[in-house]
$ cat query_8.pdb   # PDB, C-alpha atoms
ATOM      1  CA  MET A1456      76.343 101.795 109.207
ATOM      2  CA  ASN A1457      80.082 102.442 109.429
ATOM      3  CA  ASN A1458      80.887  99.070 107.840
ATOM      4  CA  ILE A1459      78.738  99.618 104.752
ATOM      5  CA  SER A1460      80.780  99.980 101.551
ATOM      6  CA  LEU A1461      80.049 102.383  98.708
ATOM      7  CA  GLN A1462      79.611  99.435  96.372
ATOM      8  CA  GLN A1463      76.911  97.977  98.611
ATOM      9  CA  ILE A1464      75.119 101.337  98.673
ATOM     10  CA  LEU A1465      75.256 101.610  94.881
ATOM     11  CA  TYR A1466      73.926  98.088  94.315
ATOM     12  CA  PHE A1467      71.209  98.602  96.923
ATOM     13  CA  LYS A1468      70.119 101.838  95.243
ATOM     14  CA  ILE A1469      69.892 100.096  91.863
ATOM     15  CA  ALA A1470      68.086  97.062  93.300
ATOM     16  CA  MET A1471      65.439  99.322  94.840
ATOM     17  CA  LYS A1472      64.512 100.420  91.317
ATOM     18  CA  CYS A1473      64.335  96.898  89.898
ATOM     19  CA  SER A1474      62.024  93.924  90.127
ATOM     20  CA  SER A1475      64.831  91.356  90.220
ATOM     21  CA  PHE A1476      68.529  91.039  90.962
ATOM     22  CA  SER A1477      69.169  90.016  87.339
ATOM     23  CA  GLN A1478      67.621  93.279  86.148
ATOM     24  CA  ALA A1479      69.736  95.193  88.678
ATOM     25  CA  ALA A1480      72.838  93.377  87.419
ATOM     26  CA  LYS A1481      72.169  94.556  83.871
ATOM     27  CA  LEU A1482      71.820  98.165  84.999
ATOM     28  CA  ALA A1483      75.002  97.915  87.071
ATOM     29  CA  TYR A1484      76.937  96.127  84.294
ATOM     30  CA  THR A1485      77.798  93.243  86.594
ATOM     31  CA  THR A1486      76.598  89.726  87.383
ATOM     32  CA  GLN A1487      73.530  88.649  89.328
ATOM     33  CA  SER A1488      75.681  86.811  91.861
ATOM     34  CA  THR A1489      77.652  90.019  92.582
ATOM     35  CA  ILE A1490      74.423  91.899  93.295
ATOM     36  CA  SER A1491      73.105  89.070  95.483
ATOM     37  CA  LYS A1492      76.329  88.816  97.511
ATOM     38  CA  ASN A1493      76.510  92.552  98.162
ATOM     39  CA  ILE A1494      72.843  92.762  99.179
ATOM     40  CA  ALA A1495      73.289  89.730 101.456
ATOM     41  CA  ALA A1496      76.347  91.371 103.071
ATOM     42  CA  LEU A1497      74.367  94.598 103.551
ATOM     43  CA  GLU A1498      71.492  92.686 105.153
ATOM     44  CA  LYS A1499      73.956  91.078 107.565
ATOM     45  CA  ILE A1500      75.218  94.527 108.614
ATOM     46  CA  ILE A1501      71.689  95.916 108.996
ATOM     47  CA  GLY A1502      70.539  92.793 110.824
ATOM     48  CA  GLU A1503      67.307  92.519 108.853
ATOM     49  CA  PRO A1504      66.251  91.288 105.422
ATOM     50  CA  LEU A1505      65.966  94.105 102.875
ATOM     51  CA  PHE A1506      64.273  92.179 100.087
ATOM     52  CA  SER A1507      61.718  89.447 100.006
ATOM     53  CA  ARG A1508      62.900  86.861  97.452
ATOM     54  CA  GLN A1509      60.018  85.516  95.379
ATOM     55  CA  LYS A1510      59.703  83.398  92.269
ATOM     56  CA  LYS A1511      58.695  86.400  90.217
ATOM     57  CA  GLY A1512      61.523  88.561  91.560
ATOM     58  CA  ILE A1513      62.251  90.692  94.629
ATOM     59  CA  MET A1514      60.140  92.930  96.853
ATOM     60  CA  PRO A1515      61.701  95.567  99.186
ATOM     61  CA  THR A1516      60.846  95.183 102.852
ATOM     62  CA  GLN A1517      59.742  97.991 105.154
ATOM     63  CA  ARG A1518      63.304  98.219 106.468
ATOM     64  CA  ALA A1519      64.628  98.607 102.913
ATOM     65  CA  ILE A1520      62.224 101.485 102.260
ATOM     66  CA  LEU A1521      63.374 103.253 105.439
ATOM     67  CA  LEU A1522      67.042 102.607 104.630
ATOM     68  CA  ASN A1523      66.534 104.020 101.155
ATOM     69  CA  LEU A1524      65.218 107.245 102.714
ATOM     70  CA  GLU A1525      68.122 107.369 105.173
ATOM     71  CA  LEU A1526      70.627 107.070 102.339
ATOM     72  CA  THR A1527      69.147 109.891 100.225
ATOM     73  CA  GLU A1528      71.786 112.409 101.263
ATOM     74  CA  ILE A1529      74.556 109.901 100.630
ATOM     75  CA  TYR A1530      73.069 109.135  97.184
ATOM     76  CA  ASP A1531      73.249 112.814  96.234
ATOM     77  CA  LYS A1532      76.851 113.179  97.387
ATOM     78  CA  LEU A1533      77.828 109.958  95.654
ATOM     79  CA  ASP A1534      76.195 111.006  92.361
ATOM     80  CA  LEU A1535      77.967 114.351  92.526
ATOM     81  CA  LEU A1536      81.290 112.661  93.209
ATOM     82  CA  LEU A1537      80.905 110.197  90.344
ATOM     83  CA  ASN A1538      79.726 112.822  87.858
ATOM     84  CA  ASP A1539      82.587 115.184  88.704
ATOM     85  CA  SER A1540      85.058 112.333  88.342
ATOM     86  CA  HIS A1541      83.585 111.311  84.992
ATOM     87  CA  GLN A1542      83.582 114.854  83.625
ATOM     88  CA  SER A1543      87.193 115.399  84.625
ATOM     89  CA  LYS A1544      88.238 112.368  82.595
ATOM     90  CA  GLN A1545      86.396 113.455  79.471
ATOM     91  CA  GLU A1546      88.191 115.319  76.731
ATOM     92  CA  ARG A1547      86.300 117.652  74.439
ATOM     93  CA  VAL A1548      86.978 117.539  70.719
ATOM     94  CA  SER A1549      85.517 120.349  68.634
ATOM     95  CA  ILE A1550      84.908 119.660  64.941
ATOM     96  CA  GLY A1551      84.031 122.503  62.568
ATOM     97  CA  PHE A1552      82.863 122.174  58.976
ATOM     98  CA  CYS A1553      81.771 124.532  56.231
ATOM     99  CA  GLN A1554      77.993 124.894  56.148
ATOM    100  CA  SER A1555      77.733 124.234  52.402
ATOM    101  CA  ILE A1556      79.266 120.759  52.760
ATOM    102  CA  ASP A1557      76.953 117.771  53.091
ATOM    103  CA  PHE A1558      79.179 116.441  55.849
ATOM    104  CA  SER A1559      77.562 113.084  56.661
ATOM    105  CA  SER A1560      77.532 111.831  53.058
ATOM    106  CA  SER A1561      80.845 113.315  51.903
ATOM    107  CA  ILE A1562      82.865 111.970  54.842
ATOM    108  CA  PRO A1563      80.845 109.030  56.235
ATOM    109  CA  GLU A1564      84.019 107.444  57.647
ATOM    110  CA  PHE A1565      84.340 110.385  60.022
ATOM    111  CA  PHE A1566      81.095 109.533  61.798
ATOM    112  CA  SER A1567      81.632 105.781  61.728
ATOM    113  CA  LEU A1568      84.974 106.046  63.534
ATOM    114  CA  PHE A1569      83.265 107.585  66.592
ATOM    115  CA  ARG A1570      81.054 104.513  66.920
ATOM    116  CA  ARG A1571      84.116 102.398  67.643
ATOM    117  CA  GLU A1572      84.468 102.844  71.384
ATOM    118  CA  ASN A1573      87.997 101.452  71.453
ATOM    119  CA  TYR A1574      89.235 104.479  69.508
ATOM    120  CA  ILE A1575      87.733 107.420  71.392
ATOM    121  CA  PRO A1576      85.958 106.023  74.482
ATOM    122  CA  THR A1577      85.648 109.151  76.634
ATOM    123  CA  ALA A1578      85.709 112.088  74.229
ATOM    124  CA  VAL A1579      82.814 114.524  74.071
ATOM    125  CA  ILE A1580      82.389 115.461  70.408
ATOM    126  CA  LYS A1581      81.136 118.947  69.547
ATOM    127  CA  LEU A1582      80.173 119.614  65.911
ATOM    128  CA  GLN A1583      80.030 123.175  64.612
ATOM    129  CA  CYS A1584      78.523 124.200  61.290
ATOM    130  CA  CYS A1585      79.672 127.653  60.160
ATOM    131  CA  GLU A1586      81.062 129.757  57.336
ATOM    132  CA  ASN A1587      84.275 128.625  55.657
ATOM    133  CA  THR A1588      86.287 131.547  57.098
ATOM    134  CA  ASP A1589      84.875 130.934  60.594
ATOM    135  CA  VAL A1590      86.208 127.367  60.507
ATOM    136  CA  VAL A1591      89.696 128.662  59.688
ATOM    137  CA  ASN A1592      89.529 131.322  62.420
ATOM    138  CA  GLY A1593      88.272 128.724  64.921
ATOM    139  CA  VAL A1594      91.255 126.474  64.222
ATOM    140  CA  LEU A1595      93.568 129.431  64.770
ATOM    141  CA  ASP A1596      92.030 130.583  68.074
ATOM    142  CA  GLY A1597      91.671 127.021  69.435
ATOM    143  CA  SER A1598      87.859 126.891  69.567
ATOM    144  CA  ILE A1599      87.935 124.256  66.788
ATOM    145  CA  ASP A1600      90.346 121.312  66.975
ATOM    146  CA  LEU A1601      89.706 119.911  63.514
ATOM    147  CA  GLY A1602      88.129 121.722  60.579
ATOM    148  CA  PHE A1603      86.757 120.694  57.184
ATOM    149  CA  ILE A1604      86.743 123.437  54.552
ATOM    150  CA  LEU A1605      86.457 123.853  50.782
ATOM    151  CA  SER A1606      89.778 122.981  49.177
ATOM    152  CA  ASP A1607      90.032 126.205  47.184
ATOM    153  CA  THR A1608      90.270 128.212  50.422
ATOM    154  CA  ASN A1609      93.477 130.221  50.625
ATOM    155  CA  ILE A1610      95.352 129.338  53.835
ATOM    156  CA  SER A1611      98.418 131.514  54.350
ATOM    157  CA  ASN A1612      99.188 130.774  58.017
ATOM    158  CA  PRO A1613     102.110 128.278  58.227
ATOM    159  CA  ASN A1614     100.845 126.973  61.584
ATOM    160  CA  ILE A1615      97.762 125.438  59.970
ATOM    161  CA  LYS A1616      98.223 121.926  58.635
ATOM    162  CA  LEU A1617      96.179 120.853  55.596
ATOM    163  CA  HIS A1618      95.196 117.541  54.065
ATOM    164  CA  THR A1619      92.793 117.208  51.117
ATOM    165  CA  ILE A1620      90.579 114.182  51.673
ATOM    166  CA  ILE A1621      88.200 114.476  48.695
ATOM    167  CA  SER A1622      88.818 115.838  45.219
ATOM    168  CA  THR A1623      86.207 115.554  42.459
ATOM    169  CA  GLU A1624      84.825 117.364  39.421
ATOM    170  CA  PRO A1625      81.838 119.644  40.033
ATOM    171  CA  GLN A1626      78.425 118.716  38.633
ATOM    172  CA  ILE A1627      75.599 120.640  36.997
ATOM    173  CA  PHE A1628      72.491 120.942  39.175
ATOM    174  CA  PHE A1629      68.970 121.860  38.025
ATOM    175  CA  SER A1630      65.390 121.652  39.274
ATOM    176  CA  VAL A1631      63.063 118.704  38.700
ATOM    177  CA  ASN A1632      60.620 121.352  37.419
ATOM    178  CA  SER A1633      63.023 122.376  34.666
ATOM    179  CA  PRO A1634      62.453 121.304  31.045
ATOM    180  CA  LEU A1635      65.905 119.738  31.397
ATOM    181  CA  ASN A1636      64.275 116.932  33.381
ATOM    182  CA  LYS A1637      63.817 114.714  30.360
ATOM    183  CA  ASN A1638      65.094 111.570  28.712
ATOM    184  CA  GLY A1639      68.016 111.919  26.346
ATOM    185  CA  LEU A1640      69.506 114.948  28.093
ATOM    186  CA  THR A1641      72.861 116.011  26.596
ATOM    187  CA  ILE A1642      75.520 118.479  27.700
ATOM    188  CA  ASN A1643      74.559 120.869  24.887
ATOM    189  CA  ASP A1644      71.035 121.264  26.293
ATOM    190  CA  PHE A1645      72.447 123.342  29.164
ATOM    191  CA  ALA A1646      73.589 126.089  26.783
ATOM    192  CA  ASP A1647      70.030 127.475  26.744
ATOM    193  CA  TYR A1648      70.124 128.271  30.481
ATOM    194  CA  PRO A1649      71.929 130.887  32.592
ATOM    195  CA  ILE A1650      74.165 129.713  35.434
ATOM    196  CA  VAL A1651      73.608 130.988  38.982
ATOM    197  CA  THR A1652      76.713 131.015  41.172
ATOM    198  CA  THR A1653      78.023 132.707  44.297
ATOM    199  CA  LYS A1654      80.331 135.664  44.675
ATOM    200  CA  TYR A1655      82.636 133.418  46.705
ATOM    201  CA  LEU A1656      83.105 130.926  43.843
ATOM    202  CA  ILE A1657      83.775 133.686  41.321
ATOM    203  CA  GLU A1658      86.375 135.254  43.616
ATOM    204  CA  LYS A1659      88.076 131.898  44.168
ATOM    205  CA  ASN A1660      88.349 130.660  40.580
ATOM    206  CA  ASP A1661      87.786 133.811  38.501
ATOM    207  CA  TYR A1662      85.161 132.216  36.203
ATOM    208  CA  ARG A1663      87.525 129.304  35.459
ATOM    209  CA  MET A1664      84.919 126.716  36.482
ATOM    210  CA  ILE A1665      82.469 128.187  33.984
ATOM    211  CA  ASN A1666      84.976 128.906  31.205
ATOM    212  CA  LEU A1667      86.095 125.258  31.168
ATOM    213  CA  LEU A1668      82.563 124.018  30.471
ATOM    214  CA  PRO A1669      82.119 122.325  27.066
ATOM    215  CA  PHE A1670      79.270 124.761  26.335
ATOM    216  CA  THR A1671      78.639 128.487  26.726
ATOM    217  CA  PRO A1672      75.796 129.251  29.153
ATOM    218  CA  LYS A1673      73.113 131.761  28.261
ATOM    219  CA  GLY A1674      74.277 134.052  31.066
ATOM    220  CA  ILE A1675      75.696 134.263  34.590
ATOM    221  CA  GLU A1676      73.751 135.340  37.680
ATOM    222  CA  ILE A1677      75.936 136.059  40.735
ATOM    223  CA  VAL A1678      74.317 135.837  44.189
ATOM    224  CA  LYS A1679      75.749 136.695  47.601
ATOM    225  CA  SER A1680      74.932 133.486  49.437
ATOM    226  CA  TYR A1681      74.895 129.784  48.699
ATOM    227  CA  ASP A1682      71.404 129.721  50.245
ATOM    228  CA  ASP A1683      70.095 131.821  47.337
ATOM    229  CA  ILE A1684      70.957 129.184  44.732
ATOM    230  CA  PRO A1685      68.066 126.762  45.480
ATOM    231  CA  ILE A1686      65.623 129.679  45.141
ATOM    232  CA  TYR A1687      66.828 130.397  41.615
ATOM    233  CA  LEU A1688      66.883 126.707  40.682
ATOM    234  CA  ALA A1689      63.297 126.248  41.905
ATOM    235  CA  THR A1690      62.083 128.475  39.055
ATOM    236  CA  GLY A1691      63.309 125.887  36.561
ATOM    237  CA  LEU A1692      65.011 128.667  34.584
ATOM    238  CA  TYR A1693      68.565 128.358  35.964
ATOM    239  CA  ILE A1694      71.318 125.806  36.385
ATOM    240  CA  THR A1695      74.318 125.854  38.710
ATOM    241  CA  LEU A1696      77.767 124.311  38.878
ATOM    242  CA  LEU A1697      78.777 122.989  42.296
ATOM    243  CA  ARG A1698      80.627 120.235  44.118
ATOM    244  CA  PRO A1699      78.742 116.902  44.284
ATOM    245  CA  TYR A1700      79.045 116.802  48.093
ATOM    246  CA  VAL A1701      77.216 120.062  48.803
ATOM    247  CA  ASN A1702      73.932 120.039  50.739
ATOM    248  CA  LEU A1703      72.134 120.691  47.456
ATOM    249  CA  ALA A1704      72.965 117.166  46.324
ATOM    250  CA  ASN A1705      70.547 115.673  48.855
ATOM    251  CA  ASN A1706      67.635 117.917  47.859
ATOM    252  CA  LYS A1707      64.929 115.699  46.316
ATOM    253  CA  ASN A1708      63.794 118.592  44.124
ATOM    254  CA  ILE A1709      67.240 119.006  42.579
ATOM    255  CA  MET A1710      68.784 116.830  39.883
ATOM    256  CA  SER A1711      72.428 116.589  38.854
ATOM    257  CA  TYR A1712      74.348 115.947  35.659
ATOM    258  CA  LYS A1713      77.893 114.625  35.625
ATOM    259  CA  LEU A1714      80.327 116.499  33.435
ATOM    260  CA  PRO A1715      82.413 114.602  30.847
ATOM    261  CA  ASP A1716      85.870 113.336  31.798
ATOM    262  CA  SER A1717      87.431 116.018  29.644
ATOM    263  CA  TYR A1718      86.405 118.681  32.165
ATOM    264  CA  GLN A1719      89.671 119.626  33.872
ATOM    265  CA  TYR A1720      88.719 121.303  37.117
ATOM    266  CA  ARG A1721      88.569 119.534  40.434
ATOM    267  CA  GLN A1722      87.349 120.665  43.835
ATOM    268  CA  GLY A1723      87.528 119.031  47.207
ATOM    269  CA  ILE A1724      87.326 119.095  50.974
ATOM    270  CA  THR A1725      90.422 119.918  52.993
ATOM    271  CA  MET A1726      90.989 118.873  56.584
ATOM    272  CA  ILE A1727      92.794 121.520  58.671
ATOM    273  CA  TRP A1728      94.206 121.682  62.202
ATOM    274  CA  PHE A1729      96.565 123.870  64.201
ATOM    275  CA  ASN A1730     100.108 122.522  64.234
ATOM    276  CA  HIS A1731     100.561 123.094  67.987
ATOM    277  CA  ASN A1732      97.147 121.803  69.093
ATOM    278  CA  LYS A1733      97.709 119.677  72.216
ATOM    279  CA  ASN A1734      94.343 117.896  72.302
ATOM    280  CA  LYS A1735      95.342 114.288  72.917
ATOM    281  CA  TYR A1736      92.466 112.912  70.859
ATOM    282  CA  LEU A1737      93.244 114.991  67.768
ATOM    283  CA  LYS A1738      96.251 112.864  66.843
ATOM    284  CA  ARG A1739      94.144 109.729  67.204
ATOM    285  CA  ILE A1740      91.393 111.134  64.978
ATOM    286  CA  LEU A1741      93.901 112.222  62.342
ATOM    287  CA  SER A1742      95.576 108.827  62.234
ATOM    288  CA  ILE A1743      92.242 107.100  61.620
ATOM    289  CA  LEU A1744      91.160 109.553  58.921
ATOM    290  CA  TYR A1745      94.568 109.348  57.227
ATOM    291  CA  ARG A1746      94.372 105.558  57.241
ATOM    292  CA  THR A1747      90.821 105.585  55.865
ATOM    293  CA  ASP A1748      91.786 108.082  53.178
ATOM    294  CA  GLU A1749      94.755 105.960  52.098
ATOM    295  CA  GLN A1750      92.574 102.857  51.971
ATOM    296  CA  ASN A1751      89.982 104.639  49.815
ATOM    297  CA  GLU A1752      92.689 105.817  47.420
ATOM    298  CA  SER A1753      94.064 102.279  47.213
ATOM    299  CA  ASN A1754      90.600 100.952  46.387
ATOM    300  CA  ARG A1755      90.149 103.601  43.676
ATOM    301  CA  ASN A1756      93.503 102.687  42.122
ATOM    302  CA  THR A1757      92.549  99.003  42.133
ATOM    303  CA  LYS A1758      89.310  99.771  40.299
ATOM    304  CA  ARG A1759      91.169 101.812  37.670
ATOM    305  CA  LYS A1760      93.420  98.875  36.796
ATOM    306  CA  LYS A1761      92.041  96.820  33.939
ATOM    307  CA  PRO A1762      92.271  93.029  34.372
ATOM    308  CA  ARG A1763      94.627  91.187  32.085
ATOM    309  CA  ASN A1764      93.118  89.250  29.235
ATOM    310  CA  LEU A1765      94.576  85.805  29.806
ATOM    311  CA  ILE A1766      92.614  84.215  26.975
ATOM    312  CA  LYS A1767      94.680  83.940  23.785
TER     313      LYS A1767
END

$ encode --input "query_8.pdb" --output "structure tokens"
Amino acid sequence: MNNISLQQILYFKIAMKCSSFSQAAKLAYTTQSTISKNIAALEKIIGEPLFSRQKKGIMPTQRAILLNLELTEIYDKLDLLLNDSHQSKQERVSIGFCQSIDFSSSIPEFFSLFRRENYIPTAVIKLQCCENTDVVNGVLDGSIDLGFILSDTNISNPNIKLHTIISTEPQIFFSVNSPLNKNGLTINDFADYPIVTTKYLIEKNDYRMINLLPFTPKGIEIVKSYDDIPIYLATGLYITLLRPYVNLANNKNIMSYKLPDSYQYRQGITMIWFNHNKNKYLKRILSILYRTDEQNESNRNTKRKKPRNLIK
């Protein structure tokens, strides 16, 4: 037993769970010949065949069953050793985002970059959904490595780095049960409805979002929480003015109306991180997101350019 290698033990353990060496090779991420050679070497040490080779696959012998029982304690120690080694190599990256942001649709590139194993192969990603202020505080105390917040958030701490990755005009949202759900809807139709908005938005822009509208709403209803807005909209008697990447945008019972180009107020999502954060994967994540953001901006600029009329 002293001459048995750890690799032979591992391949033997896997083979005992499989019906063929080719199946064992797939589980071990190696070749069938490697499995066969290691099992053959183990059989030579033991002095007895461990598997009966058949056309349909392999069958463990009585000696293999006994050996498997004898190695149970070694299996446990080996699993513990490998798991501890793997965990020590893994880096944790904590991502925090404001709960009112529809994260997956507003920043799809963020999720797609983690599917590319060559970028972040061993990082454990932890996503946190919380209030806007909690994201900022998490970045400051180190519990969040990278945060995504609403761009109108006031950040006064010079140690927090900011980068706006999305900036768009807000849209008008209303219920499918509203009389506004009709053909030929115009911007003036919204003047017959009160707007429901949050205390947070009023504090941040001091009614500027509403005052810039090309119509005067019937009234303004201010609620404490963003979660209250869908309740008001469900009555069909209210409208609201929000960013197009909020969770509300994916609600099948909510419709949206794009404001005219003359509306001069933009909102966005800002990426924040602590300047002295030493997480080695943070820099890699930022470089990818920066590159993606620059590419998206380049594509938008290309679309804005009108093609030359070469026909005279």

$ residues_near_point --input "query_8.pdb" --point "(99.9, 122.5, 68.2)" --cutoff "12 Å" --atoms "only C-alpha atoms" --output "list in words"
Val1594, Leu1595, Asp1596, Gly1597, Asp1600, Leu1601, Pro1613, Asn1614, Ile1615, Lys1616, Ile1727, Trp1728, Phe1729, Asn1730, His1731, Asn1732, Lys1733, Asn1734, Lys1735, Leu1737 and Lys1738 of chain A

$ axis_aligned_box --input "query_8.pdb" --around "range 1655-1664 of chain A" --padding-each-side "6 Å" --output "AutoDock Vina command-line options"
--center_x 85.5 --center_y 131.0 --center_z 41.1 --size_x 17.7 --size_y 20.5 --size_z 23.2

$ residues_around --input "query_8.pdb" --residues "Val1651 in chain A" --least-positions-apart "2" --cutoff "8 Å" --atoms "only C-alpha atoms" --output "VMD selection string"
chain A and resid 1649 1653 1675 to 1678 1684 1687 1693 to 1696

$ resolve_selection --input "query_8.pdb" --expression "the PyMOL selection byres ((chain A and resi 1664) around 12)" --output "PyMOL selection string"
chain A and resi 1607+1624-1627+1650+1652+1656-1663+1665-1672+1695-1698+1714+1718-1722

$ atom_distance --input "query_8.pdb" --atom1 "CA of Lys1673 in chain A" --atom2 "CA of Thr1623 in chain A"
25.2 Å

$ residues_around --input "query_8.pdb" --residues "Asn1636 in chain A" --least-positions-apart "2" --cutoff "12 Å" --atoms "all atoms listed in the file" --output "short mmCIF file (atom, residue, chain, number, x, y, z; two decimals) with C-alpha atoms, in the coordinates of the input"
data_model
loop_
_atom_site.label_atom_id
_atom_site.label_comp_id
_atom_site.auth_asym_id
_atom_site.auth_seq_id
_atom_site.Cartn_x
_atom_site.Cartn_y
_atom_site.Cartn_z
CA PHE A 1628 72.49 120.94 39.17
CA PHE A 1629 68.97 121.86 38.02
CA SER A 1630 65.39 121.65 39.27
CA VAL A 1631 63.06 118.70 38.70
CA ASN A 1632 60.62 121.35 37.42
CA SER A 1633 63.02 122.38 34.67
CA PRO A 1634 62.45 121.30 31.04
CA ASN A 1638 65.09 111.57 28.71
CA GLY A 1639 68.02 111.92 26.35
CA LEU A 1640 69.51 114.95 28.09
CA THR A 1641 72.86 116.01 26.60
CA ASP A 1644 71.04 121.26 26.29
CA PHE A 1645 72.45 123.34 29.16
CA GLY A 1691 63.31 125.89 36.56
CA LEU A 1692 65.01 128.67 34.58
CA ILE A 1694 71.32 125.81 36.38
CA ASN A 1708 63.79 118.59 44.12
CA ILE A 1709 67.24 119.01 42.58
CA MET A 1710 68.78 116.83 39.88
CA SER A 1711 72.43 116.59 38.85
CA TYR A 1712 74.35 115.95 35.66
#

$ closest_residue --input "query_8.pdb" --among "A:Gln1554, A:Thr1690, A:Ser1622, A:Ser1606" --to "Val1590 in chain A" --atoms "only C-alpha atoms"
A:Gln1554

$ closest_residue --input "query_8.pdb" --among "A:Arg1518, A:Tyr1484, A:Ile1490, A:Asp1589" --to "Gly1502 in chain A" --atoms "all atoms listed in the file"
A:Arg1518

$ resolve_selection --input "query_8.pdb" --expression "the PyMOL selection byres ((chain A and resi 1456-1469) around 7)" --output "list in words"
Ala1470, Met1471, Lys1472, Cys1473, Ala1479, Ile1490, Asn1493, Ile1494 and Leu1497 of chain A

$ residues_around --input "query_8.pdb" --residues "Ile1520 in chain A" --least-positions-apart "3" --cutoff "12 Å" --atoms "all atoms listed in the file" --output "PyMOL selection string"
chain A and resi 1467-1468+1470-1472+1504-1506+1514-1517+1523-1527

$ resolve_selection --input "query_8.pdb" --expression "the PyMOL selection byres ((chain A and resi 1587) around 8)" --output "list of chain:residue names"
A:Phe1552, A:Cys1553, A:Gln1554, A:Cys1585, A:Glu1586, A:Thr1588, A:Asp1589, A:Val1590, A:Val1591, A:Ile1604, A:Leu1605, A:Thr1608

$ write_last_selection --input "query_8.pdb" --atoms "C-alpha atoms" --output "mmCIF file, keeping the file's coordinate frame"
data_model
loop_
_atom_site.group_PDB
_atom_site.id
_atom_site.type_symbol
_atom_site.label_atom_id
_atom_site.label_comp_id
_atom_site.auth_asym_id
_atom_site.auth_seq_id
_atom_site.Cartn_x
_atom_site.Cartn_y
_atom_site.Cartn_z
ATOM 1 C CA PHE A 1552 82.863 122.174 58.976
ATOM 2 C CA CYS A 1553 81.771 124.532 56.231
ATOM 3 C CA GLN A 1554 77.993 124.894 56.148
ATOM 4 C CA CYS A 1585 79.672 127.653 60.160
ATOM 5 C CA GLU A 1586 81.062 129.757 57.336
ATOM 6 C CA THR A 1588 86.287 131.547 57.098
ATOM 7 C CA ASP A 1589 84.875 130.934 60.594
ATOM 8 C CA VAL A 1590 86.208 127.367 60.507
ATOM 9 C CA VAL A 1591 89.696 128.662 59.688
ATOM 10 C CA ILE A 1604 86.743 123.437 54.552
ATOM 11 C CA LEU A 1605 86.457 123.853 50.782
ATOM 12 C CA THR A 1608 90.270 128.212 50.422
#

$ decode --input "query_8.pdb" --residues "range 1600-1611 of chain A" --atoms "C-alpha atoms" --output "mmCIF file, in the first residue's frame"
data_model
loop_
_atom_site.group_PDB
_atom_site.id
_atom_site.type_symbol
_atom_site.label_atom_id
_atom_site.label_comp_id
_atom_site.auth_asym_id
_atom_site.auth_seq_id
_atom_site.Cartn_x
_atom_site.Cartn_y
_atom_site.Cartn_z
ATOM 1 C CA ASP A 1600 -16.175 45.661 -3.737
ATOM 2 C CA LEU A 1601 -18.148 47.132 -6.617
ATOM 3 C CA GLY A 1602 -21.449 48.985 -6.404
ATOM 4 C CA PHE A 1603 -24.078 50.130 -8.904
ATOM 5 C CA ILE A 1604 -26.205 53.071 -7.776
ATOM 6 C CA LEU A 1605 -28.537 55.703 -9.225
ATOM 7 C CA SER A 1606 -26.474 58.430 -10.861
ATOM 8 C CA ASP A 1607 -28.175 61.278 -9.009
ATOM 9 C CA THR A 1608 -26.805 59.971 -5.696
ATOM 10 C CA ASN A 1609 -24.642 62.536 -3.933
ATOM 11 C CA ILE A 1610 -21.200 61.043 -3.210
ATOM 12 C CA SER A 1611 -19.030 63.374 -1.146
#
